[in-house]
Each structure stands twice: as structure tokens, then as C-alpha cells.
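Following: one structure in C-alpha cells, then a few remarks.
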Amino acid sequence: MHPYRTHTCAELRQDHVDQSVKLSGWIHRKRDHGGVLFIDLRDTHGLTQCVVDEGSPLLAQFENIRTESVVTVTGTVRTRPGETQNANMPTGDIELYIEALDVQGAAEVIPFQVAEDDGVGEEMRLKYRYLDLRREKMQKNIRLRNDVIFEMRKRMRAQDFQEFQTPILTASSPEGARDYLVPSRLHAGKFYALPQAPQQFKQMLMVSGFDKYFQIAPCFRDEDGRADRLAEFYQLDIEMSFVTQEDVFNTIQPVIEGIFEQFNDFTGTPHKIEWGEHIRYEDAMLKYGSDKPDLRNPLEIVDVTEVFARDDVEFKAFKGTIEKGGVVRAIRAPKVSDQSRKFFDKLNSWAQSEGAPGLGYVVFKDGEGAGPIAKFIPAAAQEELKKISGAEEGDAVFFICNKEKPAAKFAGLARDAICSALPEGHEAAREKGVFKFAWIIDFPMYERDEHTGEVDFSHNPFSMPQGGMDDLENKDPEAIYAFQYDAICNGFELCSGAIRNHKADIMEKAFSIAGYDKSVLEDKFGGMLNAFQYGAPPHGGCAFGIDRIIMLLADEPNLREVYAFVMNGQYEDQMMSAPSDITPEQLKDLHIKLDMPKAKIKEQAA
RNA sequence: GCGGGCGUAGCUCAGCUGGUUAGAGCGCCGCCCUGUCACGGCGGAGGUCGCGAGUUCAAAUCUCGUCGCUCGCGCCA
């Protein structure tokens, strides 16, 4: 017999009755009845009830083994007596009568419960991640992650993509997020950077003639965390040659749709997959106040600046802002006139908690407009308001007034807040059981910094401007669009991509508009620029956030729930003690002297 | 860098406007129990109330500071 197991803990059935078998696993639960003792033995596959029968010499031994110890048990499979069969367990018809016990790894008292959800905090879970990962939910999530990545590889290969590995130690780039830096021992004072994405490498693979590239690519960004943002994360990174934007969509969309369809009911609730029409960036910002709108929310934003600019409207708070170049945005909430005062008050205090003066509104009921600011809007203006917003009797319209950018953004937040405030089952409540996707297209190439007034790339500097060199030379930078796109789903940005700029002269021009000298371009992107001198194909691609896909499928609010090992919100790993101090010898090797902030020095001395 | 929330037993939490010896559930230890599957019963151990200062006759409770965690803003092409 095998030294550890003949079967897994999920395998034994009636067919195995009377067989002598061996199982290994963790003691999930012990139920000690004095005479007879039940052990639920667990491995990654499942649970099997094992029995230490009355009079067994093993009884005393088992009483001293704590839960979560690893044991190997040998015994005979038996049918459970009639009424004690457990229909909730796949192995519930049988049990293993233990005849021999080997303790492989005894467990100390565990710091939190594995067998049940005891609500333990994240700090504990991360510190003892190996215990946390034993729990059923994490085992499932990690298996989902594994399955999703496997499917990605399968589906990409089926479309003739080749998988690559690109360097982890590479060069720092001046654009985008902060890089994680790695000092070079051999080159004093110089640093490698961990890639924020394999952007330049995949583009150079296109120059090399590899038509279709993909990678399950690790990416690193040294910026502060969020629930959906980590220092290191993985992307399904894709690049293709001789393609248009639509070709990229048509290639990758079936891969993503297929994966979502395959795992849509992972949570136990089936989800539909709906991919909407492309949305232009500007339309998204106006209609949804976000470039990653949650399309399950049916509410839309409209511009009603002209209504509040009318001479007969006397709402001074908005008028003053409009005169300074501001705008008024409105959100129609259907059928809410019967909502209590509390509904409106709650939204108002939500707005105040976000730093706004409040959230003004008009309710149309009993044939007229009501609410705190209705009296400033005469009937004729109210009619115009209804026309623009589509509001009808019984609806309310909420207002946001500010300069255009903050107004759009706050309207987007309000749109979500209003939708969330609606009661379950309301016609405008957030749709359930659906993954709603769309491509956001036509991102602007440049944007002007509000404070400095300077023009900079608004997204990826390697994107092709839609009008090519002609646009760069003749258009106002802010009016130039890029072949730059995102894929969104349920309020998450799942993917970002572009048709790249593969012409060195256009790239030079594009960078010069953003204020980057040719020397900067050559210094920082020289490798790629050189490559473009020797026959570069038109190409483009995108990258999907794998972790966010798994978050959505598993309906987890936090990225840390879909990673085996992960750092906390401050990007520390309490389990491995990273980051950590290094020895003076290591520093010397790297030619580095620390220049610590004063507060830290004091703290360490204390 | 900034803001909100939290910090009491190994874990999760309760402890109201200050007032005897700071509680519960789970876990742990001991005893009892032949069929449970979140087994059950009895008993027990376990606390610098994050830390520091202040107010007070009296502080887990009020005030200030500080540290930690978490969510968000900034940031993240």
C-alpha cells in the first residue's frame, strides 16, 4: 500500500465498501462522543468522515491531536448506518473505520478557525496565509484563478497566439506610475526597474515578426494601493500585427466572453454576459461621468446648463458657477416621487460627505415641481428640464453644478449613489445577474493640466493618433483622438489597449507636443525607436487585468481574495516580513548609502 | 500627503450619558457522553482595554497626541 494514500478525501463511495484504504489530510473537525470519535478528514478535494470505534486503542491518541494536524489513516470503508448517511456530503454514504494512525504533522493551537468563517480580520489572515488558504472559500477562489488562466492560455493558443516571457529586470520609464527599482551591483549607481507592463518588449516582438503575442504578464507599480490595486499583479497581455482596432476587439472579445460564460455561475448565481455598443470616451464622461461606467445602472446624466442659464431661472448658486464657465449636469431618477424624505436627505448627506454643498433636486409630482430648489425654477424652465432629461410626472431630477471636469466626475459618483439608494426591485435599481461589458473608444491623445496649463499624454504615449501626422501638425492637441481603448465591465476597467504608433517620425512629433525633447525619447525609448527604423509593422493590442476578471467572477470586493500570497494595503508582507532591512554588506555591495527621513531614524533608535 | 472607520481574551465582538472583581460566542485545557456531521453537557484557564499624556475622588468609557489596520481621495500613461 502507498505510504500516504490510496484515495483522496473526496473519492470514496459505496463501491469501495469493505476495501482497505489509506487517506491523508488535515483534521477538519473532531466530534468526540466518549466511546466513538468522528474525524472529518480534509484534503483539497473534499471531506471524508472517519470513525474511531469504541474500544479502539487509537482513541486516546486521537484525543491528543488537534484539528488542522496532518494525519494518515488506514482502515476499512463501511456503509454508514441508515439514518446517519449525510446527503450533503459527496462521501456521505460511507465512512472509514480507522485501524492505524500516522501523525505526519501535528498542529499547534491555530490562531483562527479554518473549518468555519469566524470573521477573522485580514491582518491575521495574511500573516497566516497558509492557514487562510486552507479554507474552503480560498481553495475555491484559487482554483478558479488557476482555471481562468488555463482557459486563457488554451483560448489564446487556439487562435494561434504564441506565449512569451519578457524580462523582469528592465529599464525605468519616465511615463506613468512609479517604478520599483532594483540596484545594480555590477554597475555602481545604476538601477533596473521592474516592468509596469511589458509594453516595449511586446511591441518589439511585433517588429521581430511574431504576429500574435500573449503573456500572462507580471506587472509592478509603486503607487498607493486600493481594494482593486496592488503593487504586483497579472495581465493577459496581447499584441498583434497588421490589425485595426476592430480586429483587436474581434479577436479578444470572444476569449473574454467565453471565459465569463464558462465561469459565470461560479458564485452559484448564473450571470448573463452582455457586450454593449462601443462608447466614445467623451460620451461616457457626459452620460456616465466615468470612463469605466457600471452599465448595470440604467441612470444617465444630461447637460442642463442652458436651463439654469435662462434669465427666468434665479438659482444664484448655479448661476454664479455657470458665469465662471461651469456646467450643470442632471440625473433623472424615474418613479421616486413616492420615496420618503429620508431617501432624498440621505443622498444629500452623501453629497456633503463627498465634499459637495449638497445634491439639489426637483421632484415632479401632482403636476408641478417640488423640492428645495424648485421655487427658483419657473414652470417654463421646468418644462425644458423635463424635455432634456426625459423626466415625467413621478420622477426626480438631481443636479450637479461645477466646472466641467469635476461636475462630470461628481455626476458619475452621484449616478451610482442614486442607483444604490433605490430600493430592491425598483425599475432603475442596479441590474443583477449580469456582466455588462463595453469598449470605451476614442480616448483623447492629450490633456491639459489644469494647474500648469501644459499638455501631456492623457493615456498611453505609444498610441497612434487617429489622424496620424496630419492631426498632430494641424489640430489643437486636445482635439486629437488616439486609437486607444478600454474594455469595461460592471464598473471596472478590465482592459486597456491601443493601436500603436509604429512610425518613428510620428512618435517624435507626438512626444514633442507633450513637451518631451527628442533626446528624452531617444534616451528612454531608444530601443524601441531604433527598432522602428528597421521595418516595423502596424500593430496594436491590449492587456486584461486577470485579477479583476477573477474578482468579478468570484464576486469578491477585494483583490486580495483571489491571490494565494499577497501584501497588505501598505504593501507589506507580514508573513515573509517584506520589505525588510538588509545588511550593511549588502548595501556596500550595491554602492548604496541610506538617507533616511528623520522620523524613521528616531523611531528606529527608540 | 489627506480624510472616514476600527483597535477590549488566541479569534469575532458587547461594554449606554465615567462608578464594585471588564463580559459573551467560538477556540483552548480538564471531566462526562456509542452515531455525530457547526455533536451535546459540566467545569476551568486566559485581559497592560493598541501606546503615551491629560481631566477627575474615580477612565475601557471624556480630551489631546501617537502607532497600527482598513476603506477612500490624491496618485495609478
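Chain labels run A, B, ... following the order of the C-alpha cells; each chain numbers its residues from 1, and ligands are numbered from 1 in the order shown.
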
For the alpha helix (DSSP H) assignment from backbone DSSP, which residues of segment 409-540 of chain A qualify? Please present them as a PyMOL selection string. chain A and resi 409-421+468-474+504-513+518-531

Residues at most 10 Å from segment 25-34 of chain B, counting only C-alpha atoms (C1' of nucleotides), excluding those fewer than 3 positions away in the same chain, as a PyMOL selection string? (chain A and resi 32-37+53-54+109-113+116+118) or (chain B and resi 10-13+40-46)

Contacts of Thr8 of chain A at 10 Å (only C-alpha atoms (C1' of nucleotides); same-chain gap of 5+ positions) as a list in words: Lys22, Leu23, Ser24, Gly25, Leu41, Arg42, Asp43, Thr44, His45, Gly46, Leu47 and Thr48 of chain A

Keeping all heavy atoms for every residue in the selection just given, could you write it to a file as a short mmCIF file (atom, residue, chain, number, x, y, z; two decimals), in the first residue's frame?
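And here is the file that came out, part-v6.cif:
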data_model
loop_
_atom_site.label_atom_id
_atom_site.label_comp_id
_atom_site.auth_asym_id
_atom_site.auth_seq_id
_atom_site.Cartn_x
_atom_site.Cartn_y
_atom_site.Cartn_z
N LYS A 22 -6.26 3.92 2.43
CA LYS A 22 -5.44 4.84 3.22
C LYS A 22 -5.73 6.26 2.75
O LYS A 22 -5.74 6.53 1.54
CB LYS A 22 -3.96 4.49 3.01
CG LYS A 22 -3.04 5.14 4.01
CD LYS A 22 -1.62 4.63 3.85
CE LYS A 22 -1.39 3.34 4.62
NZ LYS A 22 0.05 3.07 4.79
N LEU A 23 -6.00 7.15 3.70
CA LEU A 23 -6.24 8.56 3.37
C LEU A 23 -5.25 9.44 4.14
O LEU A 23 -4.87 9.10 5.25
CB LEU A 23 -7.67 8.99 3.76
CG LEU A 23 -8.86 8.29 3.11
CD1 LEU A 23 -10.15 8.90 3.64
CD2 LEU A 23 -8.80 8.41 1.59
N SER A 24 -4.88 10.55 3.54
CA SER A 24 -4.07 11.55 4.25
C SER A 24 -4.74 12.90 4.12
O SER A 24 -5.31 13.22 3.07
CB SER A 24 -2.66 11.62 3.65
OG SER A 24 -1.87 10.55 4.12
N GLY A 25 -4.64 13.67 5.19
CA GLY A 25 -5.22 15.01 5.12
C GLY A 25 -5.17 15.71 6.46
O GLY A 25 -4.48 15.27 7.39
N LEU A 41 -11.88 14.21 7.79
CA LEU A 41 -10.54 14.37 7.23
C LEU A 41 -10.65 15.13 5.92
O LEU A 41 -11.49 14.81 5.07
CB LEU A 41 -9.91 13.00 6.99
CG LEU A 41 -8.39 13.03 6.80
CD1 LEU A 41 -7.70 13.48 8.09
CD2 LEU A 41 -7.86 11.67 6.36
N ARG A 42 -9.80 16.15 5.77
CA ARG A 42 -9.92 17.06 4.63
C ARG A 42 -8.65 17.10 3.81
O ARG A 42 -7.54 17.16 4.36
CB ARG A 42 -10.21 18.49 5.15
CG ARG A 42 -10.42 19.53 4.05
CD ARG A 42 -10.37 20.95 4.61
NE ARG A 42 -9.00 21.31 4.92
CZ ARG A 42 -8.59 21.76 6.09
NH1 ARG A 42 -9.43 21.92 7.09
NH2 ARG A 42 -7.33 22.06 6.29
N ASP A 43 -8.80 17.03 2.49
CA ASP A 43 -7.71 17.46 1.61
C ASP A 43 -8.33 18.41 0.60
O ASP A 43 -9.49 18.80 0.74
CB ASP A 43 -7.00 16.26 0.96
CG ASP A 43 -7.90 15.44 0.04
OD1 ASP A 43 -8.97 15.95 -0.34
OD2 ASP A 43 -7.53 14.30 -0.28
N THR A 44 -7.55 18.83 -0.39
CA THR A 44 -8.04 19.86 -1.30
C THR A 44 -9.24 19.37 -2.11
O THR A 44 -9.98 20.16 -2.67
CB THR A 44 -6.92 20.35 -2.25
OG1 THR A 44 -7.38 21.52 -2.94
CG2 THR A 44 -6.53 19.27 -3.27
N HIS A 45 -9.45 18.05 -2.12
CA HIS A 45 -10.54 17.51 -2.94
C HIS A 45 -11.85 17.43 -2.18
O HIS A 45 -12.91 17.51 -2.80
CB HIS A 45 -10.14 16.12 -3.45
CG HIS A 45 -8.80 16.12 -4.12
ND1 HIS A 45 -8.62 16.59 -5.39
CD2 HIS A 45 -7.57 15.75 -3.67
CE1 HIS A 45 -7.32 16.49 -5.71
NE2 HIS A 45 -6.68 15.98 -4.68
N GLY A 46 -11.78 17.22 -0.88
CA GLY A 46 -13.03 17.10 -0.14
C GLY A 46 -12.85 16.56 1.26
O GLY A 46 -11.76 16.62 1.83
N LEU A 47 -13.96 16.05 1.80
CA LEU A 47 -14.00 15.58 3.18
C LEU A 47 -14.46 14.13 3.23
O LEU A 47 -15.32 13.73 2.45
CB LEU A 47 -15.02 16.39 3.99
CG LEU A 47 -14.73 17.84 4.34
CD1 LEU A 47 -15.96 18.47 4.95
CD2 LEU A 47 -13.56 17.92 5.31
N THR A 48 -13.87 13.38 4.15
CA THR A 48 -14.37 12.03 4.41
C THR A 48 -14.49 11.84 5.92
O THR A 48 -13.57 12.19 6.66
CB THR A 48 -13.40 10.97 3.85
OG1 THR A 48 -13.28 11.15 2.44
CG2 THR A 48 -13.92 9.56 4.13
#

Shortest interatomic distance to chain A - which of B:G35, B:G7, B:G74, B:G54, counting only C-alpha atoms (C1' of nucleotides):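 Going through B:G35, B:G7, B:G74, B:G54 one by one, the smallest distance to chain A is for B:G35.
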
Segment 441-570 of chain A: which residues are strand (DSSP E or B) by DSSP, as a ChimeraX atom specification? /A:441,444,446-448,455-457,463,465,481-482,484-489,492-500,539-545

Considering only C-alpha atoms (C1' of nucleotides), return as a list in words whatever protein or nucleic-acid residues lie within 12 Å of Tyr130 of chain A, sequence-local ones (same chain, fewer than 2 positions apart) excluded. Glu68, Ile110, Pro111, Phe112, Val114, Met124, Arg125, Leu126, Lys127, Tyr128, Asp132, Leu133, Arg134, Arg135, Met138, Gln139, Tyr563, Ala564, Phe565, Val566, Met575 and Met576 of chain A

Please, could you write that set of residues out with N, CA, C and O atoms as a tab-separated table (two decimals), in the first residue's frame?
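Result file part-v3.tsv:
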chain	number	residue	atom	x	y	z
A	68	GLU	N	-6.53	20.50	12.39
A	68	GLU	CA	-5.54	21.04	11.44
A	68	GLU	C	-4.20	20.33	11.49
A	68	GLU	O	-3.26	20.73	10.81
A	110	ILE	N	-4.42	26.72	16.56
A	110	ILE	CA	-4.41	27.63	15.42
A	110	ILE	C	-4.95	29.00	15.82
A	110	ILE	O	-5.81	29.10	16.70
A	111	PRO	N	-4.42	30.07	15.20
A	111	PRO	CA	-4.80	31.42	15.62
A	111	PRO	C	-6.22	31.82	15.18
A	111	PRO	O	-6.77	32.77	15.70
A	112	PHE	N	-6.77	31.15	14.21
A	112	PHE	CA	-8.17	31.37	13.86
A	112	PHE	C	-8.70	30.08	13.25
A	112	PHE	O	-7.93	29.16	12.97
A	114	VAL	N	-10.16	27.36	10.75
A	114	VAL	CA	-10.10	27.03	9.33
A	114	VAL	C	-11.44	26.45	8.88
A	114	VAL	O	-11.92	26.74	7.79
A	124	MET	N	-4.67	39.15	10.25
A	124	MET	CA	-4.41	37.80	10.71
A	124	MET	C	-4.34	36.82	9.54
A	124	MET	O	-3.46	35.97	9.48
A	125	ARG	N	-5.31	36.96	8.66
A	125	ARG	CA	-5.38	36.02	7.53
A	125	ARG	C	-4.12	36.09	6.69
A	125	ARG	O	-3.61	35.07	6.21
A	126	LEU	N	-3.60	37.31	6.50
A	126	LEU	CA	-2.42	37.45	5.65
A	126	LEU	C	-1.17	36.95	6.37
A	126	LEU	O	-0.28	36.38	5.75
A	127	LYS	N	-1.13	37.17	7.68
A	127	LYS	CA	0.04	36.74	8.42
A	127	LYS	C	0.13	35.21	8.42
A	127	LYS	O	1.21	34.64	8.38
A	128	TYR	N	-1.03	34.58	8.52
A	128	TYR	CA	-1.09	33.11	8.49
A	128	TYR	C	-1.77	32.67	7.20
A	128	TYR	O	-2.71	31.88	7.22
A	132	ASP	N	-5.13	30.41	6.11
A	132	ASP	CA	-6.27	31.03	5.45
A	132	ASP	C	-6.58	30.32	4.13
A	132	ASP	O	-7.73	30.09	3.78
A	133	LEU	N	-5.51	29.93	3.43
A	133	LEU	CA	-5.69	29.28	2.13
A	133	LEU	C	-6.28	27.88	2.26
A	133	LEU	O	-6.78	27.33	1.29
A	134	ARG	N	-6.22	27.33	3.48
A	134	ARG	CA	-6.85	26.01	3.66
A	134	ARG	C	-8.36	26.11	3.64
A	134	ARG	O	-9.05	25.10	3.47
A	135	ARG	N	-8.87	27.31	3.87
A	135	ARG	CA	-10.32	27.44	3.97
A	135	ARG	C	-10.99	27.22	2.62
A	135	ARG	O	-10.43	27.52	1.57
A	138	MET	N	-11.16	30.09	-0.02
A	138	MET	CA	-9.90	30.42	-0.68
A	138	MET	C	-9.47	29.30	-1.61
A	138	MET	O	-8.94	29.56	-2.70
A	139	GLN	N	-9.70	28.07	-1.20
A	139	GLN	CA	-9.37	26.95	-2.09
A	139	GLN	C	-10.14	27.08	-3.40
A	139	GLN	O	-9.59	26.87	-4.48
A	563	TYR	N	-5.80	36.03	-4.73
A	563	TYR	CA	-4.37	35.74	-4.81
A	563	TYR	C	-4.00	34.77	-3.70
A	563	TYR	O	-4.51	34.90	-2.59
A	564	ALA	N	-3.11	33.86	-3.97
A	564	ALA	CA	-2.65	32.99	-2.90
A	564	ALA	C	-1.85	33.83	-1.90
A	564	ALA	O	-2.21	33.91	-0.73
A	565	PHE	N	-0.79	34.44	-2.35
A	565	PHE	CA	0.05	35.23	-1.46
A	565	PHE	C	0.01	36.67	-1.89
A	565	PHE	O	0.17	36.98	-3.06
A	566	VAL	N	-0.20	37.54	-0.93
A	566	VAL	CA	-0.45	38.92	-1.30
A	566	VAL	C	-0.06	39.84	-0.15
A	566	VAL	O	-0.07	39.44	1.01
A	575	MET	N	3.82	37.95	6.50
A	575	MET	CA	4.18	36.55	6.61
A	575	MET	C	5.67	36.36	6.32
A	575	MET	O	6.36	35.63	7.02
A	576	MET	N	6.16	37.03	5.28
A	576	MET	CA	7.56	36.88	4.90
A	576	MET	C	8.42	38.03	5.44
A	576	MET	O	9.62	38.06	5.19

Computed interatomic separation between atom CA of Ile499 of chain A and atom CA of Glu239 of chain A (Å):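 Separation between atom CA of Ile499 of chain A and atom CA of Glu239 of chain A: 9.3 Å.
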
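Of the residues under consideration (B:C51, B:C57, B:C39, B:C6), B:C57 shows the shortest atom-to-atom contact distance to G19 of chain B when counting only C-alpha atoms (C1' of nucleotides).
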
Which residue out of B:C37, B:C16, B:C64, B:C49 has the minimum interatomic distance to chain A when only C-alpha atoms (C1' of nucleotides) are used? B:C37

Which value, in Å to one decimal, gives the distance between atom C1' of G52 of chain B and atom C1' of U8 of chain B? 17.9 Å

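The space separating atom CA of Lys346 of chain A from atom CA of Ala370 of chain A comes to 17.4 Å.
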
Which of these residues is nearest to chain A, using only C-alpha atoms (C1' of nucleotides): B:G68, B:U36, B:A9, B:G15? B:U36
